[in-house]
2 protein chains.
Amino acid sequence: MLSISSRGQNMPASPIRKLVPFAEAAKKRGTKVYHLNIGQPDIETPKAILDAVRHSDFKVLEYSHSAGNESYRKKLVQYYQSVGIEVNHQQIIITTGGSEAIQFGLMACLDAGDEVIIPEPFYANYNGFAVAAGVNVVPITATIENGFALPPIAAFEEKITAKTKAILICSPNNPTGYIYSKEEMNQLKALVIKYNLFLFSDEAYREFCYEEEQVSAMHLTGIENQVILMDTISKRYSACGGRIGALVTKNQAVLDAVMKFAQARLSPPSFAQIAGEAAIDLPANYFDTTKAEYKSRRDLIIDRLNKMEGVFCPNPGGAFYAIAQLPIDDADKFCQWLLEDFSLEGETVMLAPATGFYGTAGFGKKEVRLAYVLNLTDINKAMDCLDAAIKVYPGRI
Amino acid sequence: MLSISSRGQNMPASPIRKLVPFAEAAKKRGTKVYHLNIGQPDIETPKAILDAVRHSDFKVLEYSHSAGNESYRKKLVQYYQSVGIEVNHQQIIITTGGSEAIQFGLMACLDAGDEVIIPEPFYANYNGFAVAAGVNVVPITATIENGFALPPIAAFEEKITAKTKAILICSPNNPTGYIYSKEEMNQLKALVIKYNLFLFSDEAYREFCYEEEQVSAMHLTGIENQVILMDTISKRYSACGGRIGALVTKNQAVLDAVMKFAQARLSPPSFAQIAGEAAIDLPANYFDTTKAEYKSRRDLIIDRLNKMEGVFCPNPGGAFYAIAQLPIDDADKFCQWLLEDFSLEGETVMLAPATGFYGTAGFGKKEVRLAYVLNLTDINKAMDCLDAAIKVYPGRI
């Protein structure tokens, strides 16, 4: 029998998407489902950036430069300057979404069998990219009791081996919403200096910080050769479908290697590069409006969650996610039950079980991730559902 | 010293793009350069498919389904039917260019250390995708004397080991333009049955056949579980920048595995899926016009080449490439010399040395690839340059 690869077998299925058939069945029964399970923003994409694509007037949809259009990269230099990151356009490689930036970083810096340390819970697709690259993910647990702050540096040091090549962080964090403080970022800096590691920094949610500012890994001085920034326009401008991101680094050897991977796949998508370039010219207050909207949602959802008996949800400083602990036996069962067996006045809510965000088996069984990508009215209704559900869930503990 | 990965070091640089700095220098000196070096068609992208994107009116640029929009996949079923390929939309996964289809196929079917046999000369980026996947490319040489026909099956059999998992073909071929005959396709079928191998089939140039029709690997009966079709809209509709392709197979285990890789990277680009979907509604005679144009170019370039003393170029049946043997010592040196030291009335021509298309070191040293992506007038001028150049090239033999 002709069989697929072990890599294909070991590739994890998306933990967020595996409940989709149950949601579809619920909808077929006439149940309204509030989707708090996936980070697809409902915020409209700025019309100006869609119009830039719609008003384009080229005759041939050509390959772009493998590193992305030079005009776009030069514009991005301005954007990065505006957030305190000093780079030139040759230190920016446009990627097909943040996804490809992560893949390129892993491929260019780590060999099969090498290890990358990632604080858990973490963005589940890191697992997939690691399997594709043959790289081993070593999780270090952040706890809900500490609001998912950076785990103690000693915990990292315990896991560092001769195979460890990088630490991967995401701040503001998906799935926790936590923003690493300046002190925590400096601890990470000392760590990567001490052990000579790459620091991969996924900063997809840079602008979504509700009290304090984000500290970028690119702000850390003295480790310019170690920092690889992985970025995307997906969340920043509600432009997920564009598939435009960037890998940014001052490490020339990494840039040279990533360029070879970039050349092999020819170029990033041309249409959405036009949108990304137009985004740099959005009015300076664009993020203010979006941030205010997300902040009011966060305030509401966190308030509602913590008022439910037996529920605990730390207040996340950024992104548009929160992880809540519920009085339940098993988050996977609970989330499926919400779709299969529960409804409140014909409505229910879809959540992501947190188990999929932990690298350590068995962790996160009482936790769910909520993406606050719905308006305030819908969030209130979704919380009404959740509140009623945990009272009657058979596996309540 | 913090170093990049061995994979990053071993990743091949693009053999087509490495001469770019010399071309740029030539242009700075005021020399006009005819680009026959790269497969970027000059044919205009059909206005109707660009207009479909320009007239789109969604408000949020959302992720699509990880397998691509269902409406697009259902339309593609019609397209495939029109070329004699019977599949349903669940057997089609939309990819980010044909590049990603190749990557997904290698990742899902082969493990690191496994081998894929590819007739050489072959599309150089297969090397890059193989390095990324940790897969070893085993070349089998097709010869210019035989017009780059399929090498004898015995040559394949000699190279098959316990590690061999797949044979990868491209027909019509890049870089040779050769189209495998029905007999050759049946020989390949017998081979993959005998040794239980996957047959990866890159059919990017399906429509560009100037005398005989292409036989798709999907036309071969009895090996439905072994065939993985890798496809793209890039060349078909002059839509290279869209980055839309497809992986098509009837093997459910492969589809399931590929879907996990597809989910990890979330979705293919949304804008160009609109273009791809609109392309299915182009008038039936769309390819007639394009094909007639390419055929007249092929006829001209092959005629001009074979009239040059010491030059031999087999007549390629399809695609828009030809490989010619020149009376030169070293194709890499010659192509660089054309840009650095030669000009005819202020003009020169850029070609791709064929060495980059061979997996066997030292092969292709007297051969160049020409992509006939210029109009007839420019092709004539480019051939004038080449004709004059080989007469005065110091390394002429």
# chains A, B, ... in the order shown; residues from 1 in each chain; ligands from 1
>>> residues_around(residues="Lys260 of chain B", least_positions_apart="5", cutoff="7 Å", atoms="only C-alpha atoms", output="list in words")
Met11, Pro12, Ala13 and Ser14 of chain A
>>> write_last_selection(atoms="N, CA and C atoms", output="compact mmCIF listing (two decimals), in the first residue's frame")
# COMPACT_ATOMS: atom_id res chain seq x y z
N MET A 11 1.34 15.64 11.19
CA MET A 11 0.90 17.02 11.08
C MET A 11 -0.38 17.17 11.90
N PRO A 12 -0.40 18.14 12.82
CA PRO A 12 -1.62 18.28 13.64
C PRO A 12 -2.76 18.91 12.84
N ALA A 13 -3.98 18.43 13.08
CA ALA A 13 -5.15 19.08 12.50
C ALA A 13 -5.39 20.37 13.28
N SER A 14 -6.02 21.32 12.66
CA SER A 14 -6.28 22.59 13.34
C SER A 14 -7.25 22.38 14.49
>>> closest_atom_pairs(of="chain A", to="chain B", cutoff="6 Å", atoms="only C-alpha atoms", output="tab-separated table")
residue	atom	partner	partner_atom	distance
A:Ile4	CA	B:Cys109	CA	4.4
A:Ser5	CA	B:Cys109	CA	4.6
A:Gly8	CA	B:Ala108	CA	4.5
A:Ala13	CA	B:Lys260	CA	5.3
A:Glu44	CA	B:Val60	CA	5.0
A:Thr45	CA	B:Val60	CA	4.9
A:Arg54	CA	B:Arg54	CA	4.0
A:Lys59	CA	B:Glu44	CA	5.6
A:Val60	CA	B:Thr45	CA	4.9
A:Leu61	CA	B:Ala239	CA	4.9
A:Glu62	CA	B:Gly241	CA	4.6
A:Tyr63	CA	B:Gly241	CA	4.2
A:Ser99	CA	B:Arg265	CA	5.4
A:Ala108	CA	B:Gly8	CA	4.5
A:Cys109	CA	B:Ile4	CA	4.4
A:Leu110	CA	B:Ser5	CA	4.9
A:Asp111	CA	B:Ser5	CA	5.3
A:Asn125	CA	B:Ala264	CA	5.2
A:Gly128	CA	B:Ala264	CA	5.7
A:Ala239	CA	B:Leu61	CA	4.9
A:Cys240	CA	B:Tyr63	CA	5.2
A:Gly241	CA	B:Tyr63	CA	4.2
A:Gly242	CA	B:Pro269	CA	5.4
A:Arg243	CA	B:Pro269	CA	5.5
A:Ala257	CA	B:Gly8	CA	5.1
A:Lys260	CA	B:Ala13	CA	5.3
A:Ala264	CA	B:Asn125	CA	5.2
A:Arg265	CA	B:Ser99	CA	5.4
A:Pro269	CA	B:Gly242	CA	5.4
A:Ser270	CA	B:Gly241	CA	5.0
>>> closest_residue(among="A:Tyr286, A:Tyr79, A:Val349, A:Gly359", to="Ala130 of chain A", atoms="only C-alpha atoms")
A:Gly359
>>> atom_distance(atom1="atom CA of Asp330 of chain A", atom2="atom CA of Thr141 of chain A")
18.9 Å
>>> select_by_dssp(residues="segment 150-348 of chain A", states="strand (DSSP E or B)", output="VMD selection string")
chain A and resid 164 to 170 198 to 202 209 227 to 232 245 to 249 312 318 321 to 325 328 344 347 to 348
>>> write_last_selection(atoms="N, CA and C atoms", output="mmCIF file, in the first residue's frame")
data_model
loop_
_atom_site.group_PDB
_atom_site.id
_atom_site.type_symbol
_atom_site.label_atom_id
_atom_site.label_comp_id
_atom_site.auth_asym_id
_atom_site.auth_seq_id
_atom_site.Cartn_x
_atom_site.Cartn_y
_atom_site.Cartn_z
ATOM 1 N N THR A 164 18.850 23.418 21.227
ATOM 2 C CA THR A 164 18.020 24.626 21.263
ATOM 3 C C THR A 164 18.629 25.710 20.395
ATOM 4 N N LYS A 165 17.837 26.195 19.432
ATOM 5 C CA LYS A 165 18.353 27.235 18.548
ATOM 6 C C LYS A 165 17.595 28.558 18.679
ATOM 7 N N ALA A 166 16.384 28.506 19.231
ATOM 8 C CA ALA A 166 15.568 29.722 19.222
ATOM 9 C C ALA A 166 14.501 29.707 20.304
ATOM 10 N N ILE A 167 14.092 30.920 20.674
ATOM 11 C CA ILE A 167 12.907 31.105 21.510
ATOM 12 C C ILE A 167 11.902 31.864 20.660
ATOM 13 N N LEU A 168 10.673 31.419 20.703
ATOM 14 C CA LEU A 168 9.616 32.060 19.900
ATOM 15 C C LEU A 168 8.589 32.664 20.845
ATOM 16 N N ILE A 169 8.392 33.974 20.713
ATOM 17 C CA ILE A 169 7.384 34.641 21.548
ATOM 18 C C ILE A 169 6.357 35.340 20.649
ATOM 19 N N CYS A 170 5.224 35.652 21.253
ATOM 20 C CA CYS A 170 4.159 36.362 20.569
ATOM 21 C C CYS A 170 3.591 37.357 21.571
ATOM 22 N N PHE A 198 18.453 32.470 18.726
ATOM 23 C CA PHE A 198 17.599 33.385 17.980
ATOM 24 C C PHE A 198 16.371 33.735 18.826
ATOM 25 N N LEU A 199 15.896 34.957 18.695
ATOM 26 C CA LEU A 199 14.628 35.350 19.315
ATOM 27 C C LEU A 199 13.646 35.640 18.184
ATOM 28 N N PHE A 200 12.711 34.709 17.969
ATOM 29 C CA PHE A 200 11.650 34.900 16.972
ATOM 30 C C PHE A 200 10.510 35.644 17.644
ATOM 31 N N SER A 201 10.074 36.729 17.042
ATOM 32 C CA SER A 201 9.036 37.534 17.684
ATOM 33 C C SER A 201 7.860 37.758 16.736
ATOM 34 N N ASP A 202 6.743 37.130 17.083
ATOM 35 C CA ASP A 202 5.510 37.243 16.298
ATOM 36 C C ASP A 202 4.747 38.449 16.851
ATOM 37 N N CYS A 209 -3.011 47.175 21.919
ATOM 38 C CA CYS A 209 -2.570 47.237 23.304
ATOM 39 C C CYS A 209 -3.444 48.275 23.999
ATOM 40 N N VAL A 227 17.499 38.767 16.547
ATOM 41 C CA VAL A 227 16.048 38.972 16.497
ATOM 42 C C VAL A 227 15.507 38.791 15.078
ATOM 43 N N ILE A 228 14.462 37.966 14.948
ATOM 44 C CA ILE A 228 13.735 37.805 13.685
ATOM 45 C C ILE A 228 12.284 38.197 13.979
ATOM 46 N N LEU A 229 11.852 39.268 13.361
ATOM 47 C CA LEU A 229 10.478 39.736 13.545
ATOM 48 C C LEU A 229 9.588 39.073 12.498
ATOM 49 N N MET A 230 8.462 38.507 12.971
ATOM 50 C CA MET A 230 7.475 37.905 12.069
ATOM 51 C C MET A 230 6.203 38.733 12.141
ATOM 52 N N ASP A 231 5.816 39.270 11.020
ATOM 53 C CA ASP A 231 4.758 40.271 11.053
ATOM 54 C C ASP A 231 3.695 39.960 9.997
ATOM 55 N N THR A 232 2.572 40.637 10.067
ATOM 56 C CA THR A 232 1.467 40.416 9.136
ATOM 57 C C THR A 232 0.525 41.607 9.142
ATOM 58 N N GLY A 245 2.472 39.278 4.790
ATOM 59 C CA GLY A 245 3.193 39.465 6.041
ATOM 60 C C GLY A 245 4.601 39.913 5.725
ATOM 61 N N ALA A 246 5.469 39.816 6.712
ATOM 62 C CA ALA A 246 6.864 40.207 6.491
ATOM 63 C C ALA A 246 7.776 39.517 7.493
ATOM 64 N N LEU A 247 8.955 39.196 7.028
ATOM 65 C CA LEU A 247 10.032 38.778 7.921
ATOM 66 C C LEU A 247 11.037 39.917 7.932
ATOM 67 N N VAL A 248 11.381 40.376 9.141
ATOM 68 C CA VAL A 248 12.264 41.533 9.281
ATOM 69 C C VAL A 248 13.414 41.157 10.204
ATOM 70 N N THR A 249 14.627 41.386 9.758
ATOM 71 C CA THR A 249 15.778 41.114 10.619
ATOM 72 C C THR A 249 16.981 41.916 10.142
ATOM 73 N N PHE A 312 -12.908 32.159 35.867
ATOM 74 C CA PHE A 312 -11.819 33.114 36.103
ATOM 75 C C PHE A 312 -11.179 33.454 34.770
ATOM 76 N N GLY A 318 -3.808 43.015 25.595
ATOM 77 C CA GLY A 318 -3.774 43.285 24.169
ATOM 78 C C GLY A 318 -4.360 42.180 23.322
ATOM 79 N N TYR A 321 -7.976 38.367 22.177
ATOM 80 C CA TYR A 321 -8.235 37.037 22.713
ATOM 81 C C TYR A 321 -8.205 37.077 24.231
ATOM 82 N N ALA A 322 -8.908 36.134 24.827
ATOM 83 C CA ALA A 322 -8.785 35.908 26.274
ATOM 84 C C ALA A 322 -8.895 34.418 26.509
ATOM 85 N N ILE A 323 -8.171 33.943 27.505
ATOM 86 C CA ILE A 323 -8.343 32.551 27.923
ATOM 87 C C ILE A 323 -9.017 32.558 29.287
ATOM 88 N N ALA A 324 -10.133 31.844 29.390
ATOM 89 C CA ALA A 324 -10.886 31.775 30.642
ATOM 90 C C ALA A 324 -10.872 30.355 31.178
ATOM 91 N N GLN A 325 -10.826 30.262 32.525
ATOM 92 C CA GLN A 325 -10.949 28.955 33.170
ATOM 93 C C GLN A 325 -12.411 28.764 33.545
ATOM 94 N N ILE A 328 -15.475 23.221 34.452
ATOM 95 C CA ILE A 328 -15.849 22.097 33.580
ATOM 96 C C ILE A 328 -14.807 20.999 33.657
ATOM 97 N N LEU A 344 -29.796 28.425 23.991
ATOM 98 C CA LEU A 344 -30.566 29.343 24.834
ATOM 99 C C LEU A 344 -31.373 30.209 23.871
ATOM 100 N N GLU A 347 -30.060 29.951 20.465
ATOM 101 C CA GLU A 347 -28.708 30.443 20.185
ATOM 102 C C GLU A 347 -27.663 29.683 21.013
ATOM 103 N N THR A 348 -26.459 29.630 20.488
ATOM 104 C CA THR A 348 -25.366 29.073 21.285
ATOM 105 C C THR A 348 -24.060 29.779 20.885
#
>>> residues_around(residues="Ala352 of chain B", least_positions_apart="3", cutoff="8 Å", atoms="only C-alpha atoms", output="PyMOL selection string")
chain B and resi 15-16+36-38+335+368-370
>>> write_last_selection(atoms="C-alpha atoms", output="PDB file, in the first residue's frame")
ATOM      1  CA  PRO B  15      19.958  30.012 -11.147  1.00  0.00           C
ATOM      2  CA  ILE B  16      17.723  32.275 -13.227  1.00  0.00           C
ATOM      3  CA  LEU B  36      14.511  35.540 -22.719  1.00  0.00           C
ATOM      4  CA  ASN B  37      15.716  34.341 -19.345  1.00  0.00           C
ATOM      5  CA  ILE B  38      12.539  34.152 -17.273  1.00  0.00           C
ATOM      6  CA  CYS B 335      25.370  34.325 -20.403  1.00  0.00           C
ATOM      7  CA  VAL B 368      20.872  27.682 -22.585  1.00  0.00           C
ATOM      8  CA  ARG B 369      17.157  28.006 -21.934  1.00  0.00           C
ATOM      9  CA  LEU B 370      15.186  30.576 -23.917  1.00  0.00           C
TER      10      LEU B 370
END
>>> closest_residue(among="A:Pro139, A:Pro327, A:Gly276, A:Gly362", to="Arg73 of chain A", atoms="only C-alpha atoms")
A:Gly276
